[in-house]
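First up is the structure itself, then whatever we jot down about it.
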Amino acid sequence: MSVRAALLAAGSIALAAPVLADQPHLPGNEDIRHVRSFSTPQLSPDGKRVLVALNDDTASGAASHLWVVDLAANTARQLTFSPSGEKRGEKAGRWSADGSTVLFLAKRGDHTQLFRLPMAGGEAEPYDLKVVPQADRSQGPDALPPRTDSTPAKPAEVLAIDVESFIPSPDGALIAVLAKDPETPGEKKQSEDKADAVPVDHDPHGTRLYLLDTASKEIKPAAIPANVEKVAWNDAGTQLIAIAEAPNNQSDLGPARGAWRLDVKDPAHPSELSFLPKSVEDGAWSEDGKRFYFLAQAEQDAPPGYRDFYVATLADGAVRNLSGGLAGSVIDTAPLPVSDGAIQAVQIGSRQQVMRFAGGKRDLIKIESSAIRQFATNRARSGWVWLGGGSGTPDKVWFAEKLGQAPKSLPLPSLTPEDWIRTPAKVVRWKNDGIEIDGLLTLPPQAAQGKVPLILLVHGGPAGVWQDNYYPLNDFFLAQGWATLRPNPRGSTGYGAAFVAANQNDLGGGDYRDLMAGVDYVVANYPIDAARLGYYGYSYGGEMAGFVEGKTDRFKAIVSGAPVIDQFSEYGTEDGSWYDRWYYGLPWEHHEDAWRQSALSGVGSAKTPFLLLQGEADTVDPLGQSLEMYRALRQMGVPVEMVHYPRDNHGPLSGAINGNPVPEKWHGFDARQRIARFIQAEFDKARTP
């Protein structure tokens, strides 16, 4: 078969129905709808069983169900099942303190409830959690119809809550429950009567912390300000630290979190831990209860949300940075205390690993997987579980009795069909402006016969990264006969604070040159057809698509998902501006900088056919951004198409396109189909006769 015929055949297979079972093949578009995922592995208190959530594939609705693995017998079984008609499933599974019960969340009826399932047998039963609302807009001074001094206040009612998350205490006596204020009958009537004006940044509601007594089933509020995001118990179960975000979008002005220490015997009188920074994200007590390990904004100047790993001495409030100068990045997962320190997830280059911080030293724990996620243990530290995989290997759930011991994969269902061809990526490195850059290159089978087209894939962020993990969309591109390059230009995480900050006030500058240098490198060193280059990026990758459009005509087709196009209009309409403000300052004070870093500024030089994909409900990079680019390119006479997807916000549409399990069954399929056809049509025009 000729190279031309092989490429056409690959494209037809990828966009048609799945290949016959047991025939090895790269995944086509329908195949990608049948990828599942694992989440939240949990080791039982006795170290003998592992609980894990398995998400159904997109084609089946992406519901989550809990599975349990017996480590001694090396067997697995599905533990929870949904009633007929229930599409969401069960999630957030956790063991009770003694391992006799599994706790989980499920919406079976009107509310998301906390269920308990006895492992000895029997049906799951919900806790009947009802509270007195801590806020009621219908009783406010501006409520409609207007209140007067003679209008009697309605007595507060006890209402059911929707549980957002929960954390049992180590001794099992209490469960910390996080739930948003329930809608009161008065508020519901206001909505029905259309007396529902919404003052911006004046919402009295928030996510509250409650303590549930597992013996009496009584639930009490804790006097922690809303909105509570994280809770960490001490090992004795007598105290907790709660981390809360200030309400009503105060974080748009700068870091606005706080941390409170609470004694469970006196939940009405917590004490604020003012020595913890306002950027504190998550944390855990040391085993002896004397220290608090936590994540917060990096000390070195870096984009908001780029964190360091710290420890605070609770007795005197002394804080020490444990990760300063790390040639990598700290991952936003809670630390795991051990007897001599703590274990924390980190990213080193394109690999996600775990590192021990102890005795002033930090050492990577040797585990072969290139992408280690959701590392967990039990209170006794009698074993370790995690999700691990790589670019050619979908996640498996792994168990090791001791750190450093060779792990074993647990006998759970495969996340993808076994007959899929899996292609690991190669790490490639190049230099630009004196900076070493790396990326992940993947070649399709056709590369053994001659030169193949290349798709440049650019990650989100800017402070994001391509990790060496399994990415179904990448395999879909390989199925078209296309090579892929996933670069980590300056501004990416995983390479230290200086590297992630290297594109400050330079979006579309040095980072763009890093991308082009990577393309030059692989074209010069691998069987890549320089006449057939395509581009796909989402979020920051979509933003960079706009810069590529205005700066070069090397690409035959460009696809941009949920981009930032105009820094001025996006700044005022996105759901938070602190992140963008770090890059270029207040746009009305730095007009030239903001416009230079707007892809719209280069639209006068645009030539390349351009496809925009956008979620209608996107609050991160709103719909108007894509509409601006569409209108500008159309009026410049550039071939441009735009598709928007109802209901989808920023992350869900990205996940759908990437091949993650999502409840929208067809949005990802539609987008992948359009991407492949759009790019292939332009490649066909460029094909040498």
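Order determines the names: the first chain of the structure tokens is A, the second B, and so forth; residues in each chain are numbered 1 upward, and ligands are numbered 1 upward as they are shown.
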Set the distance at 8 Å and use only C-alpha atoms: which residues neighbour Gly349 in chain A once local chain neighbours fewer than 3 positions away are removed? I'd like the list as a PyMOL selection string. chain A and resi 328+352+467+493-495
If you keep N, CA and C atoms, can you produce a file of those selected residues as a PDB file, in the first residue's frame?
ATOM      1  N   GLY A 328      11.084  21.561  39.703  1.00  0.00           N
ATOM      2  CA  GLY A 328       9.836  20.921  39.325  1.00  0.00           C
ATOM      3  C   GLY A 328       8.702  21.724  39.914  1.00  0.00           C
ATOM      4  N   GLN A 352       4.798  12.961  36.468  1.00  0.00           N
ATOM      5  CA  GLN A 352       4.204  13.231  37.772  1.00  0.00           C
ATOM      6  C   GLN A 352       4.627  12.127  38.722  1.00  0.00           C
ATOM      7  N   GLN A 467       1.859  16.101  30.401  1.00  0.00           N
ATOM      8  CA  GLN A 467       2.481  15.023  31.159  1.00  0.00           C
ATOM      9  C   GLN A 467       2.543  13.771  30.296  1.00  0.00           C
ATOM     10  N   THR A 493       4.449  24.332  33.712  1.00  0.00           N
ATOM     11  CA  THR A 493       4.831  23.841  35.030  1.00  0.00           C
ATOM     12  C   THR A 493       5.738  22.618  34.885  1.00  0.00           C
ATOM     13  N   GLY A 494       6.388  22.251  35.998  1.00  0.00           N
ATOM     14  CA  GLY A 494       7.228  21.065  36.008  1.00  0.00           C
ATOM     15  C   GLY A 494       8.707  21.335  35.880  1.00  0.00           C
ATOM     16  N   TYR A 495       9.077  22.609  35.690  1.00  0.00           N
ATOM     17  CA  TYR A 495      10.477  22.943  35.434  1.00  0.00           C
ATOM     18  C   TYR A 495      10.983  24.027  36.382  1.00  0.00           C
TER      19      TYR A 495
END
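Distances from A:Leu515, A:Ile455, A:Ala502, A:Ala617 to Ala557 in chain A were compared using only C-alpha atoms, and the smallest one belongs to A:Ile455.
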Excluding range 42-51 of chain A and its own-chain neighbours fewer than 2 positions away, which residues fall within 8 Å of it when counting only C-alpha atoms? Please give them as an NGL selection string. :A and (40 or 53 or 66-72 or 93-95 or 97-99 or 376-380 or 382-385)
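Taking CA of Tyr512 in chain A as the reference point, CA of Met544 in chain A is found at 7.3 Å.
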Which of range 178-221 of chain A end up as alpha helix (DSSP H) when DSSP is run on this backbone - answer as a PyMOL selection string? chain A and resi 185-192
Now that the selection is made, can you save its residues with C-alpha atoms as a PDB file, in the first residue's frame?
ATOM      1  CA  PRO A 185     -39.231  28.051  50.600  1.00  0.00           C
ATOM      2  CA  GLY A 186     -39.237  31.860  50.484  1.00  0.00           C
ATOM      3  CA  GLU A 187     -36.432  31.905  47.922  1.00  0.00           C
ATOM      4  CA  LYS A 188     -38.145  29.241  45.847  1.00  0.00           C
ATOM      5  CA  LYS A 189     -41.340  31.303  45.805  1.00  0.00           C
ATOM      6  CA  GLN A 190     -39.383  34.405  44.785  1.00  0.00           C
ATOM      7  CA  SER A 191     -37.998  32.465  41.854  1.00  0.00           C
ATOM      8  CA  GLU A 192     -41.417  31.153  40.847  1.00  0.00           C
TER       9      GLU A 192
END
Polymer residues at most 12 Å from Thr442 in chain A, only C-alpha atoms, same-chain spacing of 3 or more positions, as a ChimeraX atom specification: /A:391-392,422-428,439,445-447,452-457,468,470-471,474-479,481-487,522,526-528
Can you write out the residues you just picked, keeping N, CA and C atoms, as a short mmCIF file (atom, residue, chain, number, x, y, z; two decimals), in the first residue's frame?
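Listed below is the output, again_31.cif:
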data_model
loop_
_atom_site.label_atom_id
_atom_site.label_comp_id
_atom_site.auth_asym_id
_atom_site.auth_seq_id
_atom_site.Cartn_x
_atom_site.Cartn_y
_atom_site.Cartn_z
N SER A 391 2.10 7.44 28.63
CA SER A 391 1.53 7.83 27.34
C SER A 391 1.05 6.64 26.54
N GLY A 392 1.67 5.48 26.71
CA GLY A 392 1.23 4.29 26.00
C GLY A 392 0.47 3.32 26.87
N ARG A 422 -1.40 0.78 21.40
CA ARG A 422 -0.98 1.85 22.30
C ARG A 422 0.44 2.27 21.94
N THR A 423 0.62 3.56 21.78
CA THR A 423 1.89 4.08 21.28
C THR A 423 2.51 5.02 22.30
N PRO A 424 3.60 4.63 22.94
CA PRO A 424 4.24 5.54 23.90
C PRO A 424 4.89 6.72 23.18
N ALA A 425 4.95 7.84 23.88
CA ALA A 425 5.57 9.04 23.34
C ALA A 425 7.08 9.02 23.60
N LYS A 426 7.79 9.77 22.79
CA LYS A 426 9.23 9.95 22.97
C LYS A 426 9.46 11.37 23.45
N VAL A 427 10.25 11.54 24.51
CA VAL A 427 10.61 12.87 24.97
C VAL A 427 11.70 13.42 24.06
N VAL A 428 11.44 14.58 23.46
CA VAL A 428 12.42 15.24 22.60
C VAL A 428 12.77 16.59 23.21
N GLY A 439 9.38 18.23 24.90
CA GLY A 439 8.02 17.91 24.50
C GLY A 439 7.89 16.43 24.24
N PRO A 445 2.14 4.60 12.72
CA PRO A 445 2.81 3.51 12.00
C PRO A 445 3.28 3.93 10.61
N GLN A 446 2.57 4.84 9.95
CA GLN A 446 2.93 5.24 8.58
C GLN A 446 4.30 5.91 8.52
N ALA A 447 4.82 6.37 9.65
CA ALA A 447 6.13 7.04 9.65
C ALA A 447 7.25 6.09 9.27
N VAL A 452 5.22 11.94 7.33
CA VAL A 452 3.81 12.03 7.73
C VAL A 452 3.49 13.45 8.17
N PRO A 453 2.21 13.83 8.13
CA PRO A 453 1.82 15.15 8.66
C PRO A 453 2.06 15.24 10.16
N LEU A 454 2.13 16.45 10.64
CA LEU A 454 2.35 16.70 12.08
C LEU A 454 1.26 17.62 12.61
N ILE A 455 0.72 17.28 13.78
CA ILE A 455 -0.19 18.16 14.52
C ILE A 455 0.55 18.69 15.74
N LEU A 456 0.63 20.01 15.84
CA LEU A 456 1.19 20.65 17.03
C LEU A 456 0.07 20.82 18.04
N LEU A 457 0.20 20.18 19.19
CA LEU A 457 -0.80 20.24 20.25
C LEU A 457 -0.25 21.12 21.37
N ASP A 468 3.47 12.92 30.64
CA ASP A 468 3.64 11.66 29.92
C ASP A 468 2.62 10.65 30.42
N TYR A 470 -1.63 8.92 29.62
CA TYR A 470 -2.46 8.46 28.51
C TYR A 470 -3.45 9.55 28.11
N TYR A 471 -3.53 9.82 26.82
CA TYR A 471 -4.31 10.93 26.28
C TYR A 471 -5.04 10.41 25.04
N ASN A 474 -4.75 11.98 21.55
CA ASN A 474 -3.49 11.80 20.85
C ASN A 474 -3.54 10.55 19.97
N ASP A 475 -4.08 9.47 20.51
CA ASP A 475 -4.21 8.24 19.72
C ASP A 475 -5.17 8.42 18.56
N PHE A 476 -6.21 9.22 18.76
CA PHE A 476 -7.13 9.51 17.66
C PHE A 476 -6.40 10.22 16.52
N PHE A 477 -5.51 11.15 16.85
CA PHE A 477 -4.73 11.82 15.80
C PHE A 477 -3.79 10.82 15.12
N LEU A 478 -3.19 9.92 15.88
CA LEU A 478 -2.34 8.90 15.27
C LEU A 478 -3.14 8.05 14.29
N ALA A 479 -4.40 7.77 14.63
CA ALA A 479 -5.26 6.97 13.75
C ALA A 479 -5.53 7.66 12.42
N GLY A 481 -3.19 8.99 10.84
CA GLY A 481 -1.90 8.95 10.16
C GLY A 481 -1.04 10.16 10.44
N TRP A 482 -1.35 10.89 11.51
CA TRP A 482 -0.64 12.12 11.82
C TRP A 482 0.28 11.92 13.03
N ALA A 483 1.48 12.45 12.96
CA ALA A 483 2.34 12.54 14.14
C ALA A 483 1.85 13.69 15.01
N THR A 484 2.20 13.66 16.28
CA THR A 484 1.84 14.75 17.20
C THR A 484 3.07 15.20 17.97
N LEU A 485 3.16 16.51 18.18
CA LEU A 485 4.17 17.07 19.07
C LEU A 485 3.46 17.85 20.15
N ARG A 486 3.73 17.49 21.42
CA ARG A 486 3.14 18.17 22.57
C ARG A 486 4.27 18.87 23.34
N PRO A 487 4.52 20.12 23.03
CA PRO A 487 5.65 20.83 23.66
C PRO A 487 5.27 21.46 24.99
N VAL A 522 11.68 18.81 15.13
CA VAL A 522 11.17 17.49 14.74
C VAL A 522 11.10 17.34 13.22
N TYR A 526 13.01 13.99 12.27
CA TYR A 526 12.07 12.87 12.20
C TYR A 526 11.32 12.93 10.87
N PRO A 527 10.66 11.83 10.48
CA PRO A 527 9.99 11.80 9.17
C PRO A 527 8.70 12.61 9.16
N ILE A 528 8.84 13.92 9.21
CA ILE A 528 7.71 14.85 9.26
C ILE A 528 7.64 15.62 7.94
#
Which residues, written as a list in words, have at least one atom at most 7 Å from range 115-118 of chain A, with only C-alpha atoms counted and residues fewer than 3 positions away on the same chain left out? Ser100, Thr101, Val102, Leu103, Phe104, Leu105, Gly121, Gly122, Glu123, Ala124, Glu125, Pro126 and Tyr127 of chain A
Polymer residues at most 7 Å from range 398-413 of chain A, only C-alpha atoms, same-chain spacing of 2 or more positions, as a compact mmCIF listing (two decimals) with N, CA and C atoms, in the first residue's frame:
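Done, and the output landed in selection_37.txt:
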# COMPACT_ATOMS: atom_id res chain seq x y z
N ASN A 74 -6.86 -11.47 45.32
CA ASN A 74 -6.61 -10.86 44.01
C ASN A 74 -7.86 -10.89 43.13
N THR A 75 -8.98 -10.49 43.73
CA THR A 75 -10.26 -10.45 43.02
C THR A 75 -10.88 -9.07 43.19
N ALA A 76 -11.71 -8.71 42.22
CA ALA A 76 -12.40 -7.42 42.26
C ALA A 76 -13.86 -7.63 41.94
N ILE A 365 10.38 9.12 45.40
CA ILE A 365 10.12 7.71 45.69
C ILE A 365 10.13 6.96 44.36
N LYS A 366 10.91 5.93 44.26
CA LYS A 366 11.11 5.23 43.00
C LYS A 366 9.87 4.41 42.63
N SER A 382 -0.13 0.91 56.35
CA SER A 382 0.17 -0.50 56.12
C SER A 382 0.16 -0.87 54.64
N GLY A 383 0.08 0.11 53.78
CA GLY A 383 0.12 -0.13 52.34
C GLY A 383 -0.11 1.18 51.61
N TRP A 384 0.11 1.15 50.29
CA TRP A 384 0.01 2.36 49.47
C TRP A 384 -0.70 2.02 48.17
N VAL A 385 -1.58 2.90 47.75
CA VAL A 385 -2.30 2.69 46.49
C VAL A 385 -2.22 3.97 45.66
N TRP A 386 -2.31 3.81 44.36
CA TRP A 386 -2.28 4.97 43.48
C TRP A 386 -2.75 4.58 42.08
N LEU A 387 -3.01 5.61 41.28
CA LEU A 387 -3.25 5.42 39.87
C LEU A 387 -1.95 5.69 39.14
N GLY A 388 -1.61 4.83 38.20
CA GLY A 388 -0.36 5.02 37.48
C GLY A 388 -0.48 4.55 36.05
N LYS A 396 -3.77 2.21 35.61
CA LYS A 396 -4.14 1.04 36.39
C LYS A 396 -4.10 1.45 37.86
N LEU A 415 -9.40 0.18 31.18
CA LEU A 415 -10.08 1.43 30.84
C LEU A 415 -10.32 1.56 29.34
List the spatial neighbours of Ile161 in chain A as a PyMOL selection string - criterion: any atom at most 9 Å away, only C-alpha atoms, same-chain residues fewer than 2 positions off excluded. chain A and resi 111-113+129-131+159+163+179-183
Next, the residues of the selection above should be written as a PDB file, in the first residue's frame with C-alpha atoms.
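The resulting file, again_38.pdb, is shown below:
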ATOM      1  CA  HIS A 111     -30.773  15.641  46.890  1.00  0.00           C
ATOM      2  CA  THR A 112     -27.180  14.398  46.877  1.00  0.00           C
ATOM      3  CA  GLN A 113     -26.981  12.372  50.068  1.00  0.00           C
ATOM      4  CA  LEU A 129     -29.277  15.298  56.911  1.00  0.00           C
ATOM      5  CA  LYS A 130     -31.378  18.405  57.551  1.00  0.00           C
ATOM      6  CA  VAL A 131     -30.247  21.785  58.808  1.00  0.00           C
ATOM      7  CA  LEU A 159     -34.313  21.662  55.241  1.00  0.00           C
ATOM      8  CA  VAL A 163     -23.723  17.099  50.383  1.00  0.00           C
ATOM      9  CA  ALA A 179     -22.844  21.434  51.956  1.00  0.00           C
ATOM     10  CA  LYS A 180     -24.088  24.583  50.258  1.00  0.00           C
ATOM     11  CA  ASP A 181     -26.921  26.479  51.940  1.00  0.00           C
ATOM     12  CA  PRO A 182     -30.241  24.954  50.837  1.00  0.00           C
ATOM     13  CA  GLU A 183     -32.820  27.020  48.971  1.00  0.00           C
TER      14      GLU A 183
END
The distance between CA of Arg677 in chain A and CA of Arg631 in chain A is 22.1 Å
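One finds CA of Pro652 in chain A at 14.5 Å from CA of Ala63 in chain A.
Between Asn248 in chain A and the residues A:Asp575, A:Gln353, A:Gly585, A:Gln300, the shortest atom-to-atom distance, using only C-alpha atoms, involves A:Asp575.
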Among range 230-401 of chain A, which ones does DSSP assign to strand (DSSP E) (computed from the backbone)? Answer as a VMD selection string. chain A and resid 230 to 233 239 to 245 257 to 263 271 to 272 282 to 285 291 to 297 307 to 313 319 to 321 329 to 330 336 to 338 341 to 348 351 to 358 361 to 364 371 to 377 384 to 390 393 to 400
Closest-contact table, range 48-140 of chain A side, partner range 656-676 of chain A, 12 Å, counting only C-alpha atoms, as JSON lines:
{"residue": "A:Leu54", "atom": "CA", "partner": "A:Pro661", "partner_atom": "CA", "distance": 10.3}
{"residue": "A:Asn55", "atom": "CA", "partner": "A:Pro661", "partner_atom": "CA", "distance": 6.9}
{"residue": "A:Asp56", "atom": "CA", "partner": "A:Pro661", "partner_atom": "CA", "distance": 6.8}
{"residue": "A:Asp57", "atom": "CA", "partner": "A:Pro661", "partner_atom": "CA", "distance": 5.0}
{"residue": "A:Thr58", "atom": "CA", "partner": "A:Pro661", "partner_atom": "CA", "distance": 4.6}
{"residue": "A:Ala59", "atom": "CA", "partner": "A:Lys665", "partner_atom": "CA", "distance": 5.6}
{"residue": "A:Ser60", "atom": "CA", "partner": "A:Lys665", "partner_atom": "CA", "distance": 7.9}
{"residue": "A:Gly61", "atom": "CA", "partner": "A:Pro663", "partner_atom": "CA", "distance": 4.9}
{"residue": "A:Ala62", "atom": "CA", "partner": "A:Pro661", "partner_atom": "CA", "distance": 5.1}
{"residue": "A:Ala63", "atom": "CA", "partner": "A:Pro663", "partner_atom": "CA", "distance": 7.7}
{"residue": "A:Ser64", "atom": "CA", "partner": "A:Pro661", "partner_atom": "CA", "distance": 9.7}
{"residue": "A:Lys87", "atom": "CA", "partner": "A:Pro663", "partner_atom": "CA", "distance": 8.7}
{"residue": "A:Arg88", "atom": "CA", "partner": "A:Pro663", "partner_atom": "CA", "distance": 8.6}
{"residue": "A:Gly89", "atom": "CA", "partner": "A:Pro663", "partner_atom": "CA", "distance": 11.5}
Suppose we keep C-alpha atoms; can you now write the selection as an mmCIF file, in the first residue's frame?
data_model
loop_
_atom_site.group_PDB
_atom_site.id
_atom_site.type_symbol
_atom_site.label_atom_id
_atom_site.label_comp_id
_atom_site.auth_asym_id
_atom_site.auth_seq_id
_atom_site.Cartn_x
_atom_site.Cartn_y
_atom_site.Cartn_z
ATOM 1 C CA LEU A 54 -14.763 3.397 38.064
ATOM 2 C CA ASN A 55 -16.401 5.860 35.695
ATOM 3 C CA ASP A 56 -18.469 4.450 32.852
ATOM 4 C CA ASP A 57 -17.541 5.592 29.376
ATOM 5 C CA THR A 58 -19.138 8.563 27.630
ATOM 6 C CA ALA A 59 -21.318 6.357 25.436
ATOM 7 C CA SER A 60 -22.867 4.878 28.599
ATOM 8 C CA GLY A 61 -23.373 8.233 30.345
ATOM 9 C CA ALA A 62 -20.168 8.452 32.439
ATOM 10 C CA ALA A 63 -21.796 7.384 35.716
ATOM 11 C CA SER A 64 -19.444 6.443 38.539
ATOM 12 C CA LYS A 87 -27.653 8.420 35.651
ATOM 13 C CA ARG A 88 -25.032 9.851 38.005
ATOM 14 C CA GLY A 89 -23.994 6.812 40.003
#
